[in-house]
Amino acid sequence: MTNGANHNSFSWGDALFLHVERPGQPLNIAGVSMFEGEIKLADLRAFIESKLPLIPRYRQRAVASAFDLGLPSWEFDPQFDIQNHVREVTLKYGTENELKALAGKIVSESLDRQRPLWDFTLARLKGGRTGFIVRIHHCLADGIAGVGAMNVIMDTSPDPPPISRKKTKVGPPPPPKDAGAAFLDGLAKSYLSLVNEAATLHSGLLNMAEGAVANPSSAPAEMLRVMSELAAPAEPLPFNVVCSGPQKFAWTEVPLADIKAIKNTCGGTVNDVVLTTVTLAFGRYVEQRGVDLKGRSLRVVVPVNVRGNGDATELGNQISFVPVPLPLDLRDPVKLLAVVTERVEFLKRARAAEFVGLFGGLLATLPNAFWKNIGPVVSQLPLSLCNTICTNVPGPQVPLYLMGHKMLCWYPWVPIGGLMGINCAILTYNGTAFFGFTGDVHAAPDLKRLEKFVDESFAELRAGAAAVAEAGAKLPRQKRVRPNGKIPVANAKTPVARKRTVRKRSSPKAPNSQPTTASVAAPTTSKQQPEKVLAVGA
């Protein structure tokens, strides 16, 4: 497994997740699972410790550079003790609601910066099951890398492997550098990082500018025309308030086969169906909180995997972000799916992920000391370019086992922060799409309602797709983007026009991004092209 253990310096993106964290707003990714049978704490500790040589980064802690001149680095924890990272909590009744509450409490707390930034928690559940809460700091892994690490720990066979009881031997840490050497090393790393980021930014901007000048109708030109629209602050919804904690967790699930049936009937991708369901659910949620949906939209940030053809289990954050504005007042679920599909296709064609990545490169040229001091302040400013984050992480489509115990479900958790009082994550595992909603208790005291609203919204979309299938005609694609580059707007009063034609469709590739739900796409046939999607874990 590629883990970056030999590359000890943080990337700028990893360091940013470390710097913007503040009390009440920990930046952890997490997952809550339930397993058949009872997993014993002592056995789990021995088993996890035996797996750590495969992911050595999980024995390392984050260490700041001298005088904050350079980026932080990873160094082995000389006091590493598996008991600090694998624990057990006793629940009073062992119910699912208690497990949700426990997960919210654990993920609301910051991890100890003096130790490796992860932990696992066991909880006994009624019915002889075991709850399992995984918490990893976002500077250590994004959603894709987190799933990759879990794949290393778990097995695809129900036959448990033998547990090694031998303690992992770690050599003595290197002698500490004196103050002068540490200062010069930090200065050199900071300078090299600045030069690399500046060179990458210059090259990317030059390529984009040349493309826009040479071809005004090209993707860079399209993106430049709409960036001013997307850069404007999103119109706030009731849950867009500064997060102060603690956090809550809500979850539900839908069959993956039903999602595929909808996209096969109506067009689009698995991710388009998910985004449509989430948009409908948020529409119901804010409407019951007194919001008039007429003319309102939900701007969703979709993380994009930029690993290219690299190892999907590589640790660290290798993601960009794409803002997708979606109408809340379009109540017809099939028409809304057409709008979602069109807008996502436009942003792929306009290379939005690449553009946002270049903007991140511009920010990366600022000194590390600046971000360490300004990050916690920026995270509390009343500014937001989006309403929520929705990340879709592909997991394995076969059962996984932990020490011979089958994993029954796997609910993902994505951190909240800034003005985003609710965020959403979806993880597909073993034929099911598991939805996890993170909410600040003050911004979303009624977060649990989203479970019901997702169920209702998906049932509505499934019924609409069934009606389309029964009529014997596929939903046609919405009118293409206007020549001025603006994203077309559809609402309940201006329905998308339909044509009784059947056309071949193929999704354009998103440059420099890797499709992340390929593992859950329907099998490719001569009439169906593999789908390309934008989603990955944040």
# chains A, B, ... in the order shown; residues from 1 in each chain; ligands from 1
call {"tool": "residues_around", "arguments": {"residues": "A:His85", "least_positions_apart": "6", "cutoff": "8 Å", "atoms": "only C-alpha atoms", "output": "PyMOL selection string"}}
result
chain A and resi 118-120
call {"tool": "residues_around", "arguments": {"residues": "A:Glu98", "least_positions_apart": "6", "cutoff": "12 Å", "atoms": "only C-alpha atoms", "output": "PyMOL selection string"}}
result
chain A and resi 89-92+104-105+123-126+131+248-250
call {"tool": "closest_atom_pairs", "arguments": {"of": "stretch 432-471 of chain A", "to": "stretch 15-32 of chain A", "cutoff": "12 Å", "atoms": "only C-alpha atoms", "output": "Markdown table"}}
result
| residue | atom | partner | partner_atom | distance |
| --- | --- | --- | --- | --- |
| A:Phe434 | CA | A:Val32 | CA | 10.4 |
| A:Phe435 | CA | A:Gly31 | CA | 10.9 |
| A:Gly436 | CA | A:Gly31 | CA | 8.9 |
| A:Phe437 | CA | A:Gly31 | CA | 11.4 |
| A:Thr438 | CA | A:Ala30 | CA | 10.4 |
| A:Gly439 | CA | A:Gln25 | CA | 11.2 |
| A:Asp440 | CA | A:Gln25 | CA | 9.3 |
| A:Val441 | CA | A:Gly24 | CA | 10.9 |
| A:His442 | CA | A:Gly24 | CA | 11.6 |
call {"tool": "atom_distance", "arguments": {"atom1": "atom CA of A:Ser244", "atom2": "atom CA of A:Cys386"}}
result
18.3 Å
call {"tool": "residues_around", "arguments": {"residues": "A:Asp455", "least_positions_apart": "3", "cutoff": "9 Å", "atoms": "only C-alpha atoms", "output": "tab-separated table (two decimals) with all heavy atoms, in the first residue's frame"}}
result
chain	number	residue	atom	x	y	z
A	252	THR	N	-28.97	7.08	7.06
A	252	THR	CA	-29.96	6.22	6.43
A	252	THR	C	-29.26	5.52	5.27
A	252	THR	O	-28.06	5.75	5.03
A	252	THR	CB	-31.19	7.01	5.96
A	252	THR	OG1	-32.21	6.11	5.52
A	252	THR	CG2	-30.86	7.96	4.83
A	253	GLU	N	-29.99	4.70	4.51
A	253	GLU	CA	-29.38	3.99	3.38
A	253	GLU	C	-30.44	3.68	2.33
A	253	GLU	O	-31.63	3.63	2.63
A	253	GLU	CB	-28.69	2.70	3.82
A	253	GLU	CG	-29.59	1.63	4.40
A	253	GLU	CD	-29.90	1.85	5.87
A	253	GLU	OE1	-29.08	2.47	6.59
A	253	GLU	OE2	-30.97	1.40	6.30
A	254	VAL	N	-29.97	3.50	1.09
A	254	VAL	CA	-30.85	3.10	-0.02
A	254	VAL	C	-30.12	2.04	-0.83
A	254	VAL	O	-28.88	2.01	-0.87
A	254	VAL	CB	-31.22	4.30	-0.92
A	254	VAL	CG1	-31.95	5.37	-0.14
A	254	VAL	CG2	-29.99	4.88	-1.61
A	277	THR	N	-31.21	13.28	-5.03
A	277	THR	CA	-31.86	12.86	-3.79
A	277	THR	C	-31.54	13.81	-2.65
A	277	THR	O	-32.42	14.22	-1.88
A	277	THR	CB	-31.43	11.43	-3.43
A	277	THR	OG1	-31.75	10.55	-4.51
A	277	THR	CG2	-32.12	10.96	-2.16
A	281	ALA	N	-34.05	16.29	-0.56
A	281	ALA	CA	-34.13	16.16	0.90
A	281	ALA	C	-33.87	17.50	1.58
A	281	ALA	O	-34.58	17.89	2.54
A	281	ALA	CB	-33.14	15.11	1.39
A	450	LEU	N	-33.59	14.68	8.40
A	450	LEU	CA	-33.01	14.42	7.09
A	450	LEU	C	-33.04	12.94	6.75
A	450	LEU	O	-33.05	12.58	5.57
A	450	LEU	CB	-31.59	14.96	7.02
A	450	LEU	CG	-31.47	16.46	6.71
A	450	LEU	CD1	-30.06	16.96	6.92
A	450	LEU	CD2	-31.92	16.75	5.28
A	451	GLU	N	-33.03	12.06	7.74
A	451	GLU	CA	-33.14	10.63	7.47
A	451	GLU	C	-34.46	10.34	6.76
A	451	GLU	O	-34.49	9.65	5.72
A	451	GLU	CB	-33.06	9.84	8.78
A	451	GLU	CG	-31.75	10.01	9.52
A	451	GLU	CD	-31.75	9.33	10.88
A	451	GLU	OE1	-32.84	8.89	11.32
A	451	GLU	OE2	-30.69	9.24	11.51
A	452	LYS	N	-35.54	10.86	7.32
A	452	LYS	CA	-36.86	10.66	6.72
A	452	LYS	C	-36.96	11.33	5.36
A	452	LYS	O	-37.52	10.77	4.41
A	452	LYS	CB	-37.93	11.22	7.66
A	452	LYS	CG	-39.34	11.16	7.10
A	452	LYS	CD	-40.33	11.84	8.05
A	452	LYS	CE	-41.73	11.88	7.45
A	452	LYS	NZ	-42.68	12.60	8.34
A	458	PHE	N	-35.98	9.86	-2.16
A	458	PHE	CA	-35.54	8.79	-3.04
A	458	PHE	C	-36.73	7.98	-3.54
A	458	PHE	O	-36.77	7.57	-4.71
A	458	PHE	CB	-34.54	7.87	-2.33
A	458	PHE	CG	-33.93	6.84	-3.24
A	458	PHE	CD1	-32.99	7.19	-4.18
A	458	PHE	CD2	-34.34	5.52	-3.18
A	458	PHE	CE1	-32.44	6.26	-5.04
A	458	PHE	CE2	-33.81	4.57	-4.03
A	458	PHE	CZ	-32.85	4.95	-4.96
A	459	ALA	N	-37.70	7.74	-2.66
A	459	ALA	CA	-38.91	7.02	-3.10
A	459	ALA	C	-39.63	7.80	-4.19
A	459	ALA	O	-40.14	7.22	-5.16
A	459	ALA	CB	-39.83	6.79	-1.90
A	460	GLU	N	-39.67	9.12	-4.06
A	460	GLU	CA	-40.31	9.97	-5.06
A	460	GLU	C	-39.56	9.90	-6.39
A	460	GLU	O	-40.17	9.79	-7.46
A	460	GLU	CB	-40.33	11.41	-4.55
A	460	GLU	CG	-41.09	12.39	-5.42
A	460	GLU	CD	-41.09	13.78	-4.81
A	460	GLU	OE1	-40.00	14.26	-4.42
A	460	GLU	OE2	-42.17	14.40	-4.73
call {"tool": "residues_around", "arguments": {"residues": "A:Gln114", "least_positions_apart": "3", "cutoff": "12 Å", "atoms": "only C-alpha atoms", "output": "PyMOL selection string"}}
result
chain A and resi 59-64+74-80+84+110-111+117-118
call {"tool": "closest_residue", "arguments": {"among": "A:Gln397, A:Thr279, A:Thr265, A:Ser33", "to": "A:Leu122", "atoms": "only C-alpha atoms"}}
result
A:Ser33
call {"tool": "atom_distance", "arguments": {"atom1": "atom CA of A:Arg462", "atom2": "atom CA of A:Tyr285"}}
result
19.4 Å
call {"tool": "closest_residue", "arguments": {"among": "A:Lys335, A:Gly431, A:Ile422, A:Val414", "to": "A:Gly464", "atoms": "only C-alpha atoms"}}
result
A:Lys335
call {"tool": "atom_distance", "arguments": {"atom1": "atom CA of A:Gly418", "atom2": "atom CA of A:Val301"}}
result
13.6 Å
call {"tool": "residues_around", "arguments": {"residues": "A:Ala42", "least_positions_apart": "4", "cutoff": "10 Å", "atoms": "only C-alpha atoms", "output": "PDB file with C-alpha atoms, in the first residue's frame"}}
result
ATOM      1  CA  ALA A  46      -3.377  -7.086  18.862  1.00  0.00           C
ATOM      2  CA  PHE A  47      -4.882  -7.411  15.379  1.00  0.00           C
ATOM      3  CA  GLN A  83      -4.092   1.333  23.989  1.00  0.00           C
ATOM      4  CA  VAL A  86      -8.104   1.364  20.277  1.00  0.00           C
ATOM      5  CA  ARG A  87     -10.671   1.723  23.071  1.00  0.00           C
ATOM      6  CA  GLU A  88     -14.029   0.380  24.200  1.00  0.00           C
TER       7      GLU A  88
END
call {"tool": "closest_residue", "arguments": {"among": "A:Ala466, A:Pro236, A:Ile55, A:Trp251", "to": "A:Trp410", "atoms": "only C-alpha atoms"}}
result
A:Trp251
call {"tool": "residues_around", "arguments": {"residues": "A:Val274", "least_positions_apart": "6", "cutoff": "12 Å", "atoms": "only C-alpha atoms", "output": "ChimeraX atom specification"}}
result
/A:253-256,258-260,262-263,268,280-281,302,333,336-337,340-341,390-393,424-428,433-435,454-455,457-458,461-462,517,533-535
